[in-house]
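Notes follow once the structure below has been shown.
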Amino acid sequence: MFSKTKKKRDFHHLSPGWNFIFHAVALFFAVLCVFPFLFVVIISFTDEKTLATNGYRIFPEKWSLEAYRYVFQTGDMLLKSYGVTILVTVAGTLLSLVMISLYAYAVSRKSFAYRRFFSLFAIFTMLFNGGMIPTYIIVTQVLGLKDSLWALIWPLAMNAFYVMILRTFYMTSVPDAIIESGKIDGAGEFKIFYRLVLPLSLPGLATIGLFSTLGYWNDWFNALLYIDDPDKVPLQSMLMRIESSMAFIQQNSANSSISLEVLQNMPQDTARMAMVVLATVPIIFAYPFFQRYFVQGLTVGSVKE
Amino acid sequence: MAGSFFRNLIRNRAMLLMVLPGAVWFLFFSYMPLIGTIAAFKEYRFSRQGFWYSLTHSKNVGWDNFKYLFNTDAAYTITRNTLLYNIAFIFLGLVFSVALAIILSEIVNKRMAKLYQTGMFLPYFLSWVIVGYFAFSFLSMDRGLLNHTLESFGIDSIQWYNEPKYWPFILIFVSLWKSAGYNSVVYLASIMGIDKSLYEAAMIDGANKWQQIRNITLPLLKPIIIIMTLLAVGRIFYADFGLFYNVPRDSGTLYSVTNVIDTYVYRGLKTTGEIGMSTAAGLYQSVVGFILVMVSNFIVRKIDKDSALF
Amino acid sequence: MGKSTKSFGLLSAALLSFSLVLGGCGGGNGNGNAADSGGGSEKPVELIWYTIGTPQKDVDTVMEKVSEYTKEKINATVKMKMIDWGDYQQKMQVLVASGEPMDIIFTSAGGFDYVQNARKGAFLQIDDLLQKYGKGIIDTIDPAFLSGSKVDGHNYGIPANKELPQQDVWRFNKNLLDKYNLDISNVRSLESLEPLLKTIKEKEPNVTPFGLDKNHVPTVPYDFLITNMPMAVKLDTTDYKVVNILETDEMKKALRTMHKYYKAGYISPEAATVGSTNDLTKSGNWLVDRAQTQPLAENLWAAAYGYPVVSTPASDPIITNASVQGSIMAISANSEHPEKAMEFLNLLNTDPVLRNMVDSGIEGVHYEKIGENRIRNLEAAKNYDMPSYSLGNNMILYLNENDPDDKWEQFKAFNAKGVPSPILGFNFDSTKVATEMAAIQNVKEQYWSSLMTGTVDPDEYLPIAIEKFKAAGLDKVIAEAQAQLDAWVAENKK
């Protein structure tokens with residue numbers, strides 16, 4: 001690879017010295033980030049008893065598949081929650097992208113008379129929150145979404161933070177000249193948006209798409225509030241339920257009736273780690289998927305100042 | 001008067017149509033629930049006729065529900081902690097994420113860069129509960145990795161969960177670790193969108209890498225940096241509950257440096273469960289953040305109109 | 001192309017409005033409750049029952065069978081909704097606040113708190129209903145349950161008839177006891193544990209002699225007005241004085257002993273931050289800890305842990321508010337059929353057929369009968385594994401395979417031994433001092449665990465903690481509590 005660049009003298013390449021340092025820094029931080037996760041994986045393959053005796057160890061005394069066996073035992077529950085999570089994530093991200101990109105574009109255009117108003121309209125929602133109960137009432141009573149998958153999709157469809165980020169992307173990566181030329185050609189606003197602006201703002205869209213995907217995948221709170229049907233429980237929600245149930249049992253450890261009956265049926269530490277692994281591994285692939293779009297816009301070169 | 005209003009509407013109709021779905025969403029999911037903030041001024045009691053009835057018929061208590069946030073010397077501690085930590089997070093987080101983004105964009109081997117990026121994301125997926133366990137395996141008195149390492153160097157073990165002085169560093173470190181990868185994506189995507197011909201031109205003019213970064217990359221990142229910072233300022237009175245509750249394992253001796261507004265509210269209302277008081281806390285945090293954002297935005301507008309939030 | 005994008009935007013807007021319309025039509029009161037106001041032979045009433053526990057697969061099928069039975073008996077059907085342990089508190093709060101239709105609610109001290117929510121108006125006052133439709137309950141369950149669970153003089157729920165008093169015991173890992181020939185017959189006070197702890201500490205370096213978690217409070221002869229808060233009343237009090245537990249001699253002595261044990265290494269250095277002693281009990285690396293007992297507890301513990309556990313009393317059995325409020329079934333304030341709900345509760349607490357159906361499922365599917373009162377779980381039992389303590393009168397449950405014949409007699413005997421606490425039935429109302437309570441709660445979280453687990457030196461930290469509590473307003477709270485207690489005593493203890 002280096003021999004090629006020597007010939008072409010790519011202005012963009014770093015000197016080998018700095019490249020090495022950058023590599024080292026990035027590698028160090030990446031390892032720091034990956035290590036705990038690896039640890040989680042290791043714990044999920046540890047034998048429960050040795051975990052209790054020795055605590056968390058990088059090289060466990062005894063390996064075991066018991067945790068995964070326990071999780072897979074739930075059989076179709078696990079599959080269903082995967083299904084729900086994937087469906088909600090994909091549908092939600094698509095919906096989100098449409099709503100957010102339209103809103104952000106409009107608010108990015110200086111020619112939009114109500115630009116400031118709608119920007120504030122969005123930002124205000126980031127700062128003020130009505131609380132769990134009113135939101136619950138709106139979602140279940142006003143919108144009638146109780147126990148429906150839509151209750152997992154709609155509450156996350158818009159996000160003022162993402163709107164502002166995308167707006168900035170539009171403002172910086174889409175030169176006014178492009179829009180002007182579109183107008184001169186007689187195109188309507190929507191056509192300009194779809195034909196000219198979207199291709200240019202791919203990195204921004206990919207960023208928001210990624211964040212949206214992660215947001216949906218990780219959401220457990222909405223399921224806690226709105227979903228009763230066990231067939232509609234997403235992955236993270238299942239995990240969180242177990243976590244909070246464990247916390248509850250611990251807080252009520254004085255009450256002997258509860259502790260014994262329930263503790264016996266609680267998944268052990270290793271099983272919980274196994275669930276974390278199962279819930280996280282698929283979504284790791286989201287990043288490379290979106291990363292593809294972090295490329296420069298396609299038609300920039302066509303603008304001559 | 002009315003005529004010009006309607007004419008404006010029609011002229012902007014395409015744009016208005018674009019914001020319509022989002023605006024309706026905000027109306028339902030963000031603005032309508034705001035009615036609940038009335039609870040902050042009430043002694044909220046359930047009623048047979050449902051939420052709205054309970055809100056309007058619960059006893060009015062004025063500002064009483066806010067008192068617990070100001071009355072005590074604990075109030076000073078939690079406010080100070082929340083503010084200082086957030087300022088550190090905003091500032092250090094920014095520097096770190098931008099640096100990371102630049103480093104990743106400059107690495108020659110793009111495939112390795114992609115790998116690093118994917119790895120850096122992982123902390124975002126671990127819940128604070130898990131991170132807490134993990135921290136415990138490091139910081140535990142007798143079984144922690146850190147103490148083992150110290151011992152092997154001949155230094156005495158430290159009872160980490162009893163010593164407040166280390167925790168600001170620990171918490172800042174953990175917070176950066178968890179969010180740097182995620183935040184750097186925004187800056188990375190921005191860098192990717194920069195016109196390569198700018199760098200070409202600079203190279204021809206004889207600029208080296210560092211000058212390029214300083215004069216092209218950073219200035220072009222300015223808009224997004226400003227926006228991200230302004231948005232973070234809006235949340236400056238909110239703390240990440242999971243970080244401050246789970247990582248220090250709710251250890252009482254550390255409260256002087258780990259108790260923030262959100263944890264204080266949680267702990268304070270465990271026995272009484274007064275909905276009015278928790279709503280009051282949320283309102284307080286929102287209003288402060290709102291004022292700060294308005295002020296900072298105003299300042300930014302004075303300097304560079306386009307960089308402002310609104 | 002542009003047109004399709006335009007319609008995309010319109011579509012989203014339309015979708016939103018559509019859902020709104022749907023919501024308007026379907027939302028609100030679209031619930032199957034037949035409006036049945038007393039008496040006639042019309043449609044059976046559907047009772048909605050919210051209870052705690054991991055939702056079981058077969059809940060609906062079992063409830064169908066239950067409904068068949070109850071339709072015959074009281075013309076009502078039952079729909080049970082289970083909410084998982086960790087979610088219960090939060091979800092119930094939202095459900096109740098939003099006016100969700102429900103009839104019967106599980107509540108307890110600490111799981112959607114009984115007293116708190118009764119005062120907030122979530123539950124119906126059932127004094128009259130009890131007299132009219134709940135005669136069976138009054139006759140069957142221990143009267144201390146009903147009198148002890150009054151809030152401000154009225155009943156708001158039916159406690160489960162199970163173990164009544166609370167009694168602390170010292171539990172011992174029998175394996176270690178046998179190994180070192182340790183005698184526990186003289187063990188009763190905290191101090192008396194010392195020789196045993198010492199032996200184990202010397203001989204077994206890997207074992208934690210005294211297992212504790214952050215919620216531990218040394219046994220002292222006081223009853224607390226609110227669990228884990230410093231306001232307390234002495235058990236043998238005659239003047240009903242409310243004191244700060246940290247200022248009492250008994251607590252000071254106990255804390256000194258705990259600190260002594262901590263310094264000697266009998267207690268894990270991290271006891272103040274550890275949430276439960278689960279790890280210890282799982283691995284067996286402990287000698288003694290303290291727990292609340294009930295009849296036959298030793299068998300349960302041994303079965304759960306996989307090794308024998310013996311126990312000896314650490315305190316006398318006392319009937320406290322907490323012990324009475326461990327499991328209560330309340331009627332929702334917005335219930336449309338409170339009479340039927342009470343009839344159902346009456347049936348549940350007196351009729352073994354119904355009670356066992358709710359508890360164990362359908363005979364022949366989930367369990368089989370192996371004696372007059374005995375059952376054995378079948379394979380399918382794991383699809384309907386219910387927490388018995390939350391579902392009503394335990395003493396009419398069938399016995400399990402390994403239970404002794406006199407299981408419920410033992411419980412009754414245990415209950416009879418219980419001595420009521422002087423403040424049984426008195427529930428402190430902290431509304432007037434809510435601000436101080438919030439501050440006190442934070443002080444408590446800060447200092448409590450490290451003092452109670454012996455992590456810090458009480459001679460140094462007790463004064464500090466007491467000072468902080470004072471600064472947070474504890475004196476005001478105690479004064480308020482005293483005033484309320486005096487009024488209650490005047491009314492009830494004449």
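FYI, nothing fancy with the structure tokens labels: chains A, B, ... in order, residues from 1 per chain, ligands from 1 as they appear.
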
Q: Provide as a list in words the residues of chain A at most 6 Å from chain B, counting only C-alpha atoms.
A: Asn19, Phe22, Ala30, Cys33, Val34, Met99, Leu102, Tyr103, Ala106, Arg116, Ser119, Thr125, Leu127, Phe128, Gly130, Pro134, Thr135, Pro203, Phe294, Val295 and Gln296 of chain A

Q) Near Pro164 in chain B, counting only C-alpha atoms, which residues have an atom at most 10 Å away, once you skip same-chain residues fewer than 5 positions from it, shown as a ChimeraX atom specification? A) /B:248,251-258

Those residues you just picked out, can you put them in a file as a PDB file, in the first residue's frame with N, CA and C atoms?
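Below is the file that was written, result-v4.pdb:
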ATOM      1  N   PRO B 248     -20.718   4.089  41.510  1.00  0.00           N
ATOM      2  CA  PRO B 248     -20.206   4.122  42.885  1.00  0.00           C
ATOM      3  C   PRO B 248     -20.932   3.151  43.817  1.00  0.00           C
ATOM      4  N   SER B 251     -22.631   3.995  47.314  1.00  0.00           N
ATOM      5  CA  SER B 251     -21.901   4.001  48.570  1.00  0.00           C
ATOM      6  C   SER B 251     -22.063   5.349  49.263  1.00  0.00           C
ATOM      7  N   GLY B 252     -22.563   5.294  50.503  1.00  0.00           N
ATOM      8  CA  GLY B 252     -22.881   6.532  51.213  1.00  0.00           C
ATOM      9  C   GLY B 252     -21.692   7.437  51.443  1.00  0.00           C
ATOM     10  N   THR B 253     -20.530   6.837  51.707  1.00  0.00           N
ATOM     11  CA  THR B 253     -19.369   7.667  52.038  1.00  0.00           C
ATOM     12  C   THR B 253     -18.925   8.526  50.870  1.00  0.00           C
ATOM     13  N   LEU B 254     -19.373   8.212  49.675  1.00  0.00           N
ATOM     14  CA  LEU B 254     -18.912   8.962  48.520  1.00  0.00           C
ATOM     15  C   LEU B 254     -19.857  10.085  48.123  1.00  0.00           C
ATOM     16  N   TYR B 255     -20.957  10.215  48.854  1.00  0.00           N
ATOM     17  CA  TYR B 255     -22.006  11.134  48.428  1.00  0.00           C
ATOM     18  C   TYR B 255     -21.518  12.549  48.183  1.00  0.00           C
ATOM     19  N   SER B 256     -20.515  12.982  48.942  1.00  0.00           N
ATOM     20  CA  SER B 256     -20.103  14.373  48.776  1.00  0.00           C
ATOM     21  C   SER B 256     -19.633  14.640  47.356  1.00  0.00           C
ATOM     22  N   VAL B 257     -19.186  13.600  46.658  1.00  0.00           N
ATOM     23  CA  VAL B 257     -18.764  13.817  45.271  1.00  0.00           C
ATOM     24  C   VAL B 257     -19.602  13.049  44.257  1.00  0.00           C
ATOM     25  N   THR B 258     -20.520  12.219  44.702  1.00  0.00           N
ATOM     26  CA  THR B 258     -21.287  11.471  43.709  1.00  0.00           C
ATOM     27  C   THR B 258     -22.773  11.797  43.728  1.00  0.00           C
TER      28      THR B 258
END

Q | Distance query range 221-237 of chain A at most 9 Å, only C-alpha atoms, self and fewer than 3 positions along chain excluded, as number ranges by chain | A | A: 77-78, 80-86, 88, 132, 136, 139-140, 145-149, 151-152, 155, 217-218, 240-242, 275-276, 278-279; C: 55, 57, 81-83, 87, 90-91, 94-95

Got time to write the residues from that selection, C-alpha atoms, as a PDB file, in the first residue's frame?
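File selection08.pdb, as written:
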ATOM      1  CA  MET A  77     -39.743 -16.258  23.748  1.00  0.00           C
ATOM      2  CA  LEU A  78     -36.207 -15.353  22.767  1.00  0.00           C
ATOM      3  CA  LYS A  80     -40.057 -13.590  19.368  1.00  0.00           C
ATOM      4  CA  SER A  81     -38.271 -10.808  21.193  1.00  0.00           C
ATOM      5  CA  TYR A  82     -35.556 -10.797  18.548  1.00  0.00           C
ATOM      6  CA  GLY A  83     -38.263 -10.531  15.937  1.00  0.00           C
ATOM      7  CA  VAL A  84     -39.987  -7.701  17.736  1.00  0.00           C
ATOM      8  CA  THR A  85     -36.766  -5.797  18.271  1.00  0.00           C
ATOM      9  CA  ILE A  86     -35.682  -6.111  14.656  1.00  0.00           C
ATOM     10  CA  VAL A  88     -39.417  -2.168  15.559  1.00  0.00           C
ATOM     11  CA  MET A 132     -44.144   9.568  32.651  1.00  0.00           C
ATOM     12  CA  TYR A 136     -48.587   7.389  29.224  1.00  0.00           C
ATOM     13  CA  VAL A 139     -50.053   7.278  24.224  1.00  0.00           C
ATOM     14  CA  THR A 140     -52.635   4.891  25.615  1.00  0.00           C
ATOM     15  CA  LEU A 145     -51.587   2.531  21.242  1.00  0.00           C
ATOM     16  CA  LYS A 146     -51.637   0.360  24.313  1.00  0.00           C
ATOM     17  CA  ASP A 147     -50.019  -3.045  23.900  1.00  0.00           C
ATOM     18  CA  SER A 148     -49.274  -2.354  20.259  1.00  0.00           C
ATOM     19  CA  LEU A 149     -45.919  -2.397  18.507  1.00  0.00           C
ATOM     20  CA  ALA A 151     -46.238   2.164  21.031  1.00  0.00           C
ATOM     21  CA  LEU A 152     -42.629   1.116  20.640  1.00  0.00           C
ATOM     22  CA  PRO A 155     -42.532   7.566  20.907  1.00  0.00           C
ATOM     23  CA  TRP A 217     -32.605  -1.315  19.613  1.00  0.00           C
ATOM     24  CA  ASN A 218     -31.696  -0.254  23.144  1.00  0.00           C
ATOM     25  CA  MET A 240     -34.027  -4.865  32.062  1.00  0.00           C
ATOM     26  CA  ARG A 241     -36.948  -6.650  33.658  1.00  0.00           C
ATOM     27  CA  ILE A 242     -34.583  -9.226  35.035  1.00  0.00           C
ATOM     28  CA  MET A 275     -28.466 -12.171  27.575  1.00  0.00           C
ATOM     29  CA  VAL A 276     -26.359  -9.041  27.297  1.00  0.00           C
ATOM     30  CA  LEU A 278     -27.137 -12.027  22.770  1.00  0.00           C
ATOM     31  CA  ALA A 279     -28.762  -8.620  22.836  1.00  0.00           C
TER      32      ALA A 279
ATOM     33  CA  PRO C  55     -45.859 -13.224  34.081  1.00  0.00           C
ATOM     34  CA  LYS C  57     -47.433 -18.590  30.405  1.00  0.00           C
ATOM     35  CA  LYS C  81     -52.633  -9.313  34.979  1.00  0.00           C
ATOM     36  CA  MET C  82     -49.160 -10.003  36.254  1.00  0.00           C
ATOM     37  CA  ILE C  83     -46.456  -7.390  36.382  1.00  0.00           C
ATOM     38  CA  ASP C  87     -41.520  -3.155  37.189  1.00  0.00           C
ATOM     39  CA  GLN C  90     -43.393   2.047  38.607  1.00  0.00           C
ATOM     40  CA  LYS C  91     -45.954   0.499  36.340  1.00  0.00           C
ATOM     41  CA  VAL C  94     -48.601   4.947  36.159  1.00  0.00           C
ATOM     42  CA  LEU C  95     -51.609   2.673  35.747  1.00  0.00           C
TER      43      LEU C  95
END

Q: State, in Å with one decimal place, the distance from CA of Val24 in chain B to CA of Arg195 in chain A.
A: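 Calculated distance between CA of Val24 in chain B and CA of Arg195 in chain A is 25.7 Å.
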
Q. Distance CA of Ile478 in chain C-CA of Asp429 in chain C, one decimal place?
A.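 Separation between CA of Ile478 in chain C and CA of Asp429 in chain C: 11.6 Å.
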
Q | Residue contacts of Glu189 in chain A (9 Å, only C-alpha atoms) excluding same-chain residues fewer than 3 positions away, as JSON, numbers by chain | A | {"A": [182, 183, 192, 193, 194], "B": [14, 15], "C": [2]}

Q: Pull out every residue of chain C that has at least one atom within 9 Å of chain B, counting only C-alpha atoms, and report them as a count of residues only.
A: 55

Q | Which residue of C:Asn228, C:Thr54, C:Gln125, C:Asn244 approaches Ala481 in chain C most closely, using only C-alpha atoms | A |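 The shortest atom-to-atom distance to Ala481 in chain C comes from C:Asn244.
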